[in-house]
$ cat work-v1.txt   # compact mmCIF, C-alpha atoms
# COMPACT_ATOMS: atom_id res chain seq x y z
CA MET A 1 24.93 16.72 19.50
CA VAL A 2 25.56 14.42 16.56
CA SER A 3 27.69 15.84 13.83
CA GLY A 4 25.81 16.27 10.63
CA GLY A 5 22.42 16.33 12.35
CA GLU A 6 19.37 17.91 10.76
CA SER A 7 18.42 20.46 13.33
CA GLY A 8 18.87 23.26 10.87
CA ALA A 9 17.77 21.47 7.73
CA GLY A 10 14.68 22.48 5.85
CA ALA A 11 12.13 20.31 4.14
CA PRO A 12 12.85 18.89 0.68
CA ALA A 13 11.51 20.86 -2.27
CA TRP A 14 8.27 19.44 -3.66
CA ARG A 15 8.85 20.71 -7.18
CA GLY A 16 10.99 18.55 -9.38
CA GLY A 17 12.26 15.07 -8.65
CA PHE A 18 11.27 14.57 -5.03
CA GLY A 19 7.64 15.55 -5.60
CA ARG A 20 7.32 13.09 -8.47
CA LEU A 21 9.02 10.30 -6.53
CA TRP A 22 6.76 11.01 -3.53
CA SER A 23 3.66 10.93 -5.74
CA ALA A 24 4.74 7.65 -7.34
CA ALA A 25 5.45 6.06 -3.96
CA VAL A 26 2.12 7.19 -2.49
CA LEU A 27 0.19 5.98 -5.55
CA SER A 28 1.90 2.59 -5.34
CA SER A 29 1.18 2.33 -1.60
CA PHE A 30 -2.49 3.03 -2.24
CA GLY A 31 -2.65 0.26 -4.83
CA ASP A 32 -0.60 -2.09 -2.65
CA ALA A 33 -3.07 -1.64 0.21
CA LEU A 34 -5.96 -2.57 -2.07
CA ARG A 35 -4.18 -5.67 -3.33
CA THR A 36 -2.87 -6.76 0.09
CA ALA A 37 -6.35 -6.64 1.58
CA ALA A 38 -8.13 -8.13 -1.45
CA LEU A 39 -5.80 -11.09 -2.09
CA PRO A 40 -6.57 -12.98 1.18
CA LEU A 41 -10.30 -12.32 0.69
CA THR A 42 -10.07 -13.66 -2.85
CA ALA A 43 -8.14 -16.69 -1.59
CA ALA A 44 -10.76 -17.34 1.11
CA ALA A 45 -13.47 -17.27 -1.57
CA LEU A 46 -11.59 -19.94 -3.55
CA THR A 47 -10.71 -22.35 -0.72
CA ASP A 48 -11.29 -22.96 2.98
CA ASP A 49 -7.88 -24.58 3.48
CA PRO A 50 -5.99 -22.35 5.99
CA LEU A 51 -2.60 -23.54 4.73
CA LEU A 52 -3.36 -22.58 1.13
CA ILE A 53 -4.72 -19.19 2.20
CA ALA A 54 -1.64 -18.56 4.35
CA SER A 55 0.59 -19.61 1.44
CA VAL A 56 -0.60 -16.60 -0.57
CA THR A 57 0.69 -14.27 2.15
CA ALA A 58 3.87 -16.29 2.71
CA CYS A 59 4.79 -16.06 -0.98
CA GLY A 60 4.67 -12.28 -0.59
CA TYR A 61 7.65 -12.53 1.83
CA LEU A 62 9.70 -15.35 0.32
CA PRO A 63 11.25 -13.41 -2.61
CA TRP A 64 12.86 -10.94 -0.20
CA ILE A 65 14.75 -13.80 1.42
CA VAL A 66 15.64 -15.44 -1.91
CA PHE A 67 16.26 -12.42 -4.15
CA GLY A 68 16.69 -9.43 -1.82
CA LEU A 69 20.50 -9.26 -2.04
CA LEU A 70 20.43 -9.84 -5.79
CA GLY A 71 17.95 -6.97 -6.22
CA GLY A 72 20.32 -4.67 -4.37
CA ALA A 73 23.28 -5.63 -6.55
CA VAL A 74 21.28 -5.08 -9.73
CA ALA A 75 20.07 -1.69 -8.41
CA ASP A 76 23.68 -0.57 -8.03
CA ARG A 77 24.46 -1.57 -11.63
CA VAL A 78 21.58 0.02 -13.55
CA ASP A 79 19.97 3.41 -14.06
CA GLN A 80 17.71 3.37 -11.02
CA ARG A 81 15.08 5.64 -12.50
CA ARG A 82 14.65 3.48 -15.58
CA ALA A 83 14.68 0.29 -13.52
CA MET A 84 11.90 1.60 -11.26
CA GLY A 85 9.80 2.70 -14.23
CA ALA A 86 10.23 -0.66 -15.98
CA VAL A 87 9.39 -2.62 -12.82
CA ASP A 88 6.24 -0.61 -12.14
CA ALA A 89 5.13 -0.98 -15.76
CA ALA A 90 5.66 -4.76 -15.55
CA ARG A 91 3.75 -4.95 -12.28
CA GLY A 92 0.93 -2.88 -13.76
CA LEU A 93 0.61 -5.26 -16.70
CA LEU A 94 0.68 -8.29 -14.40
CA MET A 95 -2.08 -6.82 -12.24
CA ALA A 96 -4.17 -5.89 -15.27
CA ALA A 97 -3.91 -9.46 -16.59
CA PHE A 98 -4.85 -10.84 -13.19
CA ALA A 99 -7.84 -8.50 -12.94
CA VAL A 100 -9.05 -9.80 -16.31
CA ALA A 101 -8.60 -13.40 -15.10
CA VAL A 102 -10.66 -12.67 -11.97
CA ALA A 103 -13.37 -10.94 -13.99
CA LEU A 104 -13.61 -13.95 -16.32
CA GLY A 105 -13.76 -16.42 -13.43
CA HIS A 106 -10.33 -17.96 -14.08
CA ALA A 107 -8.72 -17.11 -10.73
CA SER A 108 -7.17 -19.98 -8.73
CA ILE A 109 -5.04 -20.40 -5.63
CA GLY A 110 -2.09 -21.35 -7.81
CA LEU A 111 -2.48 -18.15 -9.80
CA LEU A 112 -2.69 -16.07 -6.60
CA ILE A 113 0.48 -17.66 -5.24
CA ALA A 114 2.33 -17.10 -8.52
CA LEU A 115 1.17 -13.48 -8.64
CA ALA A 116 2.25 -12.75 -5.06
CA PHE A 117 5.67 -14.28 -5.70
CA ALA A 118 6.19 -12.45 -9.01
CA LEU A 119 5.14 -9.04 -7.66
CA THR A 120 7.41 -9.24 -4.63
CA THR A 121 10.32 -10.49 -6.74
CA LEU A 122 9.99 -7.35 -8.86
CA GLN A 123 9.61 -5.27 -5.69
CA THR A 124 13.07 -6.34 -4.48
CA LEU A 125 14.58 -4.38 -7.38
CA PHE A 126 12.16 -1.45 -7.15
CA ASP A 127 12.58 -0.81 -3.42
CA ASN A 128 16.36 -1.12 -3.48
CA ALA A 129 16.56 1.22 -6.47
CA ALA A 130 14.27 3.73 -4.75
CA THR A 131 16.44 3.73 -1.60
CA ALA A 132 19.52 4.38 -3.72
CA LEU A 133 17.81 7.02 -5.89
CA LEU A 134 16.48 9.29 -3.14
CA PRO A 135 19.91 10.73 -2.17
CA ALA A 136 20.33 11.80 -5.82
CA LEU A 137 17.13 13.87 -5.58
CA VAL A 138 17.49 15.38 -2.09
CA PRO A 139 20.48 17.07 -0.40
CA ALA A 140 22.03 14.97 2.35
CA GLU A 141 20.91 17.35 5.12
CA ARG A 142 17.27 16.97 4.01
CA LEU A 143 17.15 13.19 3.70
CA GLY A 144 15.50 12.83 7.11
CA SER A 145 12.63 15.13 6.17
CA ALA A 146 12.31 13.44 2.79
CA ASN A 147 12.09 9.98 4.32
CA ALA A 148 9.54 11.19 6.88
CA ARG A 149 7.35 12.67 4.15
CA LEU A 150 7.62 9.56 2.01
CA MET A 151 6.72 7.19 4.86
CA THR A 152 3.93 9.41 6.16
CA GLY A 153 2.39 9.74 2.70
CA GLN A 154 2.60 5.98 2.19
CA ARG A 155 0.96 5.35 5.56
CA ILE A 156 -1.92 7.72 4.76
CA ALA A 157 -2.43 6.26 1.29
CA GLY A 158 -2.30 2.67 2.47
CA GLY A 159 -3.68 2.60 5.99
CA ILE A 160 -6.14 5.51 5.94
CA LEU A 161 -7.35 5.65 2.33
CA GLY A 162 -6.65 2.32 0.66
CA THR A 163 -7.65 -0.49 3.02
CA PRO A 164 -11.07 0.91 4.03
CA LEU A 165 -12.03 1.15 0.34
CA VAL A 166 -11.57 -2.57 -0.33
CA PRO A 167 -15.06 -3.71 0.78
CA LEU A 168 -16.66 -1.02 -1.41
CA LEU A 169 -14.54 -1.94 -4.42
CA LEU A 170 -15.20 -5.66 -3.94
CA ALA A 171 -18.92 -4.91 -3.84
CA ALA A 172 -18.53 -3.43 -7.32
CA GLY A 173 -16.80 -6.59 -8.56
CA ALA A 174 -14.12 -9.06 -7.43
CA ALA A 175 -11.71 -7.77 -10.08
CA VAL A 176 -12.08 -4.05 -9.28
CA PRO A 177 -9.41 -3.71 -6.53
CA PHE A 178 -6.86 -5.43 -8.76
CA GLY A 179 -7.79 -3.26 -11.73
CA VAL A 180 -7.31 -0.11 -9.64
CA ASP A 181 -3.96 -1.46 -8.42
CA ALA A 182 -2.88 -1.95 -12.04
CA VAL A 183 -3.73 1.69 -12.80
CA THR A 184 -1.70 2.93 -9.82
CA PHE A 185 1.33 0.92 -10.96
CA LEU A 186 1.16 2.32 -14.47
CA ALA A 187 0.65 5.88 -13.22
CA ALA A 188 3.62 5.50 -10.86
CA ALA A 189 5.72 4.17 -13.74
CA ALA A 190 4.92 7.29 -15.77
CA LEU A 191 5.85 9.57 -12.86
CA VAL A 192 9.17 7.81 -12.27
CA ALA A 193 9.97 7.82 -16.00
CA SER A 194 9.53 11.61 -16.02
CA LEU A 195 12.25 12.11 -13.39
CA ARG A 196 15.37 13.94 -14.51
CA THR A 197 18.35 12.97 -12.40
CA THR A 198 22.10 13.12 -12.72
CA ALA A 199 23.77 9.74 -12.57
CA PRO A 200 25.77 9.35 -9.34
CA ASP A 201 29.55 9.07 -9.46
CA ARG A 202 30.06 5.35 -9.03
CA THR A 203 33.35 3.53 -8.69
CA PRO A 204 33.94 1.68 -11.98
CA ARG A 205 33.39 -2.07 -11.68
CA ALA A 206 36.49 -4.21 -11.93
CA VAL A 207 36.96 -6.16 -15.13
CA GLY A 208 35.23 -9.51 -14.78
CA SER A 209 33.20 -8.41 -11.77
CA THR A 210 30.19 -10.64 -11.13
CA LEU A 211 26.95 -10.09 -9.25
CA ARG A 212 28.12 -12.57 -6.64
CA ARG A 213 31.29 -10.59 -5.98
CA GLU A 214 29.37 -7.33 -5.90
CA ILE A 215 26.88 -8.72 -3.39
CA ALA A 216 29.83 -9.86 -1.24
CA GLU A 217 31.34 -6.36 -1.51
CA GLY A 218 28.13 -4.84 -0.19
CA LEU A 219 27.99 -7.31 2.70
CA ARG A 220 31.63 -6.53 3.57
CA ALA A 221 30.84 -2.81 3.61
CA LEU A 222 27.92 -3.43 5.95
CA ARG A 223 29.94 -5.64 8.24
CA GLY A 224 32.94 -3.30 8.20
CA ASP A 225 31.03 -0.18 9.34
CA ARG A 226 30.32 -0.45 13.05
CA ALA A 227 27.37 1.94 12.95
CA LEU A 228 25.71 0.20 10.00
CA ARG A 229 26.37 -3.19 11.56
CA GLY A 230 24.69 -2.07 14.76
CA LEU A 231 21.68 -0.72 12.87
CA CYS A 232 21.35 -3.97 10.94
CA ALA A 233 21.54 -6.15 14.07
CA ALA A 234 19.03 -3.91 15.84
CA SER A 235 16.66 -4.09 12.86
CA ALA A 236 16.84 -7.89 12.88
CA LEU A 237 16.01 -8.08 16.59
CA CYS A 238 13.20 -5.53 16.56
CA ASN A 239 11.58 -7.22 13.57
CA VAL A 240 11.47 -10.50 15.46
CA GLY A 241 9.57 -8.63 18.17
CA MET A 242 7.31 -6.94 15.63
CA GLY A 243 6.47 -10.31 14.08
CA ALA A 244 5.52 -11.72 17.47
CA LEU A 245 3.25 -8.75 18.21
CA ILE A 246 1.53 -8.46 14.83
CA ALA A 247 0.82 -12.19 14.51
CA THR A 248 -0.93 -12.39 17.89
CA LEU A 249 -2.41 -8.92 18.39
CA VAL A 250 -5.87 -10.11 17.37
CA LEU A 251 -5.73 -12.79 20.11
CA LEU A 252 -4.67 -10.22 22.70
CA VAL A 253 -7.58 -7.94 21.83
CA THR A 254 -10.33 -10.49 21.28
CA ASP A 255 -9.43 -13.25 23.76
CA ARG A 256 -7.67 -11.58 26.66
CA LEU A 257 -9.43 -8.21 26.56
CA GLY A 258 -12.72 -9.47 25.11
CA ALA A 259 -12.94 -6.36 22.92
CA GLY A 260 -13.98 -8.11 19.71
CA SER A 261 -13.34 -6.91 16.18
CA ALA A 262 -14.19 -3.31 17.10
CA GLY A 263 -11.39 -3.31 19.67
CA TYR A 264 -8.97 -4.77 17.15
CA VAL A 265 -9.83 -2.06 14.63
CA ALA A 266 -9.40 0.58 17.34
CA ALA A 267 -5.96 -0.78 18.27
CA THR A 268 -4.69 -0.93 14.68
CA THR A 269 -6.12 2.50 13.95
CA ALA A 270 -4.33 3.90 16.99
CA TYR A 271 -1.08 2.49 15.62
CA THR A 272 -1.66 4.14 12.24
CA VAL A 273 -2.58 7.49 13.80
CA GLY A 274 0.51 7.29 16.01
CA ALA A 275 2.70 6.56 12.98
CA LEU A 276 1.30 9.58 11.15
CA ALA A 277 2.03 11.76 14.17
CA GLY A 278 5.53 10.30 14.28
CA GLY A 279 6.10 11.33 10.68
CA VAL A 280 5.21 14.91 11.61
CA GLY A 281 7.00 14.95 14.98
CA ASN A 282 10.20 13.27 13.84
CA ARG A 283 11.82 16.52 12.70
CA TRP A 284 11.14 18.13 16.08
CA LEU A 285 12.68 15.19 17.93
CA VAL A 286 15.73 14.97 15.66
CA ALA A 287 16.32 18.72 16.02
CA ARG A 288 16.70 18.19 19.78
CA THR A 289 18.49 14.86 19.92
CA GLY A 290 20.09 14.19 16.54
CA PRO A 291 19.18 11.14 14.43
CA VAL A 292 21.37 8.72 16.42
CA ARG A 293 19.79 9.49 19.79
CA ALA A 294 16.35 9.57 18.15
CA VAL A 295 16.77 5.90 17.19
CA LEU A 296 17.82 5.01 20.73
CA VAL A 297 14.90 6.95 22.22
CA ALA A 298 12.45 5.29 19.82
CA GLY A 299 13.57 1.76 20.70
CA THR A 300 13.50 2.47 24.44
CA VAL A 301 10.02 4.01 24.41
CA GLN A 302 8.67 1.21 22.22
CA THR A 303 9.92 -1.29 24.80
CA GLY A 304 7.90 0.47 27.49
CA ALA A 305 4.80 0.49 25.26
CA LEU A 306 5.10 -3.27 24.74
CA VAL A 307 5.32 -3.85 28.49
CA VAL A 308 2.11 -1.85 28.95
CA MET A 309 0.36 -3.96 26.29
CA GLY A 310 1.28 -7.18 28.02
CA ALA A 311 0.93 -6.09 31.64
CA ILE A 312 -2.23 -3.97 31.77
CA PRO A 313 -5.45 -5.81 30.75
CA ARG A 314 -7.36 -2.71 29.65
CA LEU A 315 -8.38 -1.78 26.11
CA ALA A 316 -7.74 1.92 26.77
CA ALA A 317 -4.18 1.14 27.88
CA LEU A 318 -3.61 -1.00 24.80
CA ILE A 319 -4.90 1.72 22.45
CA ALA A 320 -2.69 4.36 24.07
CA ALA A 321 0.33 2.03 23.98
CA MET A 322 -0.31 1.23 20.30
CA ALA A 323 -0.42 4.94 19.46
CA VAL A 324 2.91 5.53 21.22
CA PHE A 325 4.34 2.40 19.60
CA GLY A 326 3.31 3.65 16.16
CA PHE A 327 4.75 7.13 16.78
CA MET A 328 8.13 5.79 17.82
CA GLY A 329 8.04 3.13 15.11
CA MET A 330 7.90 5.86 12.49
CA VAL A 331 10.78 7.70 14.19
CA TRP A 332 12.78 4.46 14.17
CA ASN A 333 12.09 3.74 10.50
CA VAL A 334 12.81 7.26 9.26
CA ASN A 335 16.10 7.63 11.10
CA THR A 336 17.49 4.14 10.52
CA THR A 337 16.79 4.55 6.80
CA THR A 338 18.32 8.03 6.75
CA LEU A 339 21.43 6.94 8.65
CA MET A 340 21.88 3.99 6.32
CA GLN A 341 21.56 6.22 3.24
CA ARG A 342 23.95 8.85 4.56
CA ARG A 343 26.62 6.48 5.90
CA THR A 344 26.70 4.24 2.81
CA PRO A 345 28.91 5.15 -0.18
CA VAL A 346 26.68 6.00 -3.14
CA ASP A 347 27.80 3.07 -5.29
CA LEU A 348 26.89 0.60 -2.51
CA LEU A 349 23.47 1.98 -1.54
CA GLY A 350 21.46 -0.68 -3.33
CA ARG A 351 23.42 -3.56 -1.86
CA VAL A 352 23.55 -2.27 1.70
CA GLY A 353 19.86 -1.33 1.55
CA SER A 354 18.96 -4.81 0.32
CA ALA A 355 20.80 -6.36 3.26
CA PHE A 356 18.69 -4.30 5.65
CA ARG A 357 15.45 -5.37 3.97
CA THR A 358 16.44 -9.02 3.78
CA VAL A 359 17.21 -9.06 7.49
CA ALA A 360 13.91 -7.33 8.28
CA VAL A 361 11.82 -9.81 6.29
CA ALA A 362 13.67 -12.79 7.74
CA GLY A 363 13.05 -11.58 11.30
CA ALA A 364 9.29 -11.06 10.98
CA PRO A 365 8.19 -14.64 10.16
CA LEU A 366 10.50 -16.00 12.85
CA GLY A 367 8.91 -13.64 15.36
CA ALA A 368 5.43 -14.65 14.21
CA LEU A 369 6.21 -18.31 14.92
CA LEU A 370 7.71 -17.47 18.32
CA GLY A 371 4.75 -15.27 19.20
CA GLY A 372 2.26 -17.95 18.25
CA ALA A 373 4.10 -20.57 20.29
CA ALA A 374 4.32 -18.23 23.30
CA ALA A 375 0.58 -17.42 23.11
CA ALA A 376 -0.30 -21.12 22.91
CA ALA A 377 1.91 -21.98 25.88
CA TRP A 378 1.39 -19.04 28.24
CA GLY A 379 -1.52 -16.99 26.96
CA ALA A 380 -2.14 -13.98 24.70
CA ARG A 381 -0.48 -11.52 27.11
CA THR A 382 2.91 -13.17 26.57
CA PRO A 383 3.81 -12.13 22.98
CA PRO A 384 4.01 -8.36 23.74
CA LEU A 385 6.30 -9.13 26.67
CA LEU A 386 8.37 -11.43 24.46
CA ALA A 387 8.53 -8.62 21.89
CA ALA A 388 9.71 -6.25 24.63
CA VAL A 389 12.64 -8.59 25.33
CA PHE A 390 13.69 -8.43 21.69
CA PHE A 391 13.40 -4.65 21.69
CA VAL A 392 15.65 -4.48 24.76
CA LEU A 393 18.18 -6.61 22.87
CA SER A 394 17.74 -4.33 19.86
CA VAL A 395 18.56 -1.20 21.84
CA ALA A 396 21.51 -3.01 23.42
CA ALA A 397 22.80 -3.84 19.94
CA LEU A 398 22.56 -0.17 18.98
CA ILE A 399 24.50 1.27 21.90
CA PRO A 400 28.05 0.09 21.02
CA GLY A 401 27.52 0.75 17.30
CA LEU A 402 25.90 4.18 17.58
CA PRO A 403 27.62 6.31 20.20
CA ALA A 404 26.35 9.88 20.30
CA HIS A 405 29.40 11.25 18.48
CA VAL A 406 29.25 8.89 15.47
CA PRO A 407 29.32 10.86 12.19
CA VAL A 408 26.03 10.79 10.28
CA ASP A 409 27.59 10.86 6.82
CA ALA A 410 29.64 8.17 5.11
CA PRO A 411 33.27 8.02 6.25
CA PRO A 412 36.05 8.63 3.71
CA ALA A 413 36.58 5.83 1.22
CA ASP A 414 39.99 4.91 2.67
CA ALA A 415 38.50 4.63 6.17
CA THR A 416 35.72 2.41 4.89
CA THR A 417 38.24 0.19 3.14
CA THR A 418 40.38 -0.05 6.25
CA ARG A 419 37.48 -1.14 8.44
CA ALA A 420 36.14 -3.55 5.87
CA THR A 421 39.45 -5.35 5.52
CA GLY A 422 40.83 -4.92 9.00
$ encode --input "work-v1.txt" --output "structure tokens"
Amino acid sequence: MVSGGESGAGAPAWRGGFGRLWSAAVLSSFGDALRTAALPLTAAALTDDPLLIASVTACGYLPWIVFGLLGGAVADRVDQRRAMGAVDAARGLLMAAFAVAVALGHASIGLLIALAFALTTLQTLFDNAATALLPALVPAERLGSANARLMTGQRIAGGILGTPLVPLLLAAGAAVPFGVDAVTFLAAAALVASLRTTAPDRTPRAVGSTLRREIAEGLRALRGDRALRGLCAASALCNVGMGALIATLVLLVTDRLGAGSAGYVAATTAYTVGALAGGVGNRWLVARTGPVRAVLVAGTVQTGALVVMGAIPRLAALIAAMAVFGFMGMVWNVNTTTLMQRRTPVDLLGRVGSAFRTVAVAGAPLGALLGGAAAAAWGARTPPLLAAVFFVLSVAALIPGLPAHVPVDAPPADATTTRATG
């Protein structure tokens, strides 16, 4: 059994800081789902150029690659609660202004691209600050349960409640989804601003320290910890596989299986339902395996689910495999995030967390391109099998870095320094 596991840990208390952070995160996810679904539809109403429409989505990823590490360094410098509140307030005002522009008929592709880029640039600071703030609100032994509840709530708000509402809101007016998103940002900002937290004990910055040096310090800490390095490499590989699957799933369902849009909706719904079940079942699995083995189990089972998707040309098999894939995907996400938070020194959480996110975002578009090329060359059944190969490599990357006896919590500062410089 892994030392420091959560088999005996209870759930985080809802009253106080965690409940407010959870509510803010769920509200933001609800609004994000509305905007994410409405932006491409708005773009399609403005132009029929596929490249311009795709550019709106692409600009939602680009800031993570450009500014992700910088956002992590800033998050480690500032009061994370205030930074999150300020970012959400700024995003709320941006969305409100955009909603007014849409209502007045002044929307354009250029404006959509600028909005997507600006919102995600701000998100790099918000998400890194949120990752670093959670351990200040929840005891270490309850981080796993807290992450599971956060991710499950976000999945419900976004996938179950938010996205299906978009057609109804658009019927009421093209600006309505964006106006609602603005309200959710502002409400989340108020919730975060009401948090009362104790500032973590951070190592004082050296005189003359720069953001560049601090980013490098975070990267050295990530590289110097074998367990964190293995998690990061595994995340990069599995996100390449995820990109290949997501980009071509519609072709697999509609072309190879001939199931049409109804089949596609059924497959994506199965994934969402599986993820929700994973959020609930994660604690049971971790209690029996520990968080380290839970990650290994999740990656291995997901590999099998991908093989089923590519090898068995039946819609029922695909739906079942997607449900299993979603369940284990949630287990993977909860436990990799928890391990990263618990193994990272508190004053490096923002920077190490930003490295994880930057790697994840960089892997997904690469996988999408590989998946599209594989589908064009060998058919729609190929991308899931290609994804399975990357998941095998991901699990292989985990094994040397996450032996069963690896401590869950951060090693002593002197040990971290020794590994980082050795």
$ atom_distance --input "work-v1.txt" --atom1 "atom CA of A:Arg357" --atom2 "atom CA of A:Arg212"
18.0 Å
$ atom_distance --input "work-v1.txt" --atom1 "atom CA of A:Val74" --atom2 "atom CA of A:Arg155"
27.5 Å
$ closest_residue --input "work-v1.txt" --among "A:Asp225, A:Asp79, A:Asp88, A:Glu141" --to "A:Thr124" --atoms "only C-alpha atoms"
A:Asp88
$ closest_residue --input "work-v1.txt" --among "A:Thr338, A:Thr289, A:Asn282, A:Gln80" --to "A:Leu133" --atoms "all atoms listed in the file"
A:Gln80
$ closest_residue --input "work-v1.txt" --among "A:Thr268, A:Arg381, A:Arg256, A:Met328" --to "A:Leu285" --atoms "only C-alpha atoms"
A:Met328
$ residues_around --input "work-v1.txt" --residues "A:Gly353" --least-positions-apart "3" --cutoff "9 Å" --atoms "all atoms listed in the file" --output "NGL selection string"
:A and (69 or 72 or 127-128 or 131-132 or 337 or 340-341 or 344 or 348-350 or 356-358)
$ atom_distance --input "work-v1.txt" --atom1 "atom CA of A:Gly71" --atom2 "atom CA of A:Ser354"
7.0 Å
$ residues_around --input "work-v1.txt" --residues "stretch 26-35 of chain A" --least-positions-apart "3" --cutoff "10 Å" --atoms "only C-alpha atoms" --output "PyMOL selection string"
chain A and resi 20-23+38-42+88+95+116+150-167+169-170+176-189+191
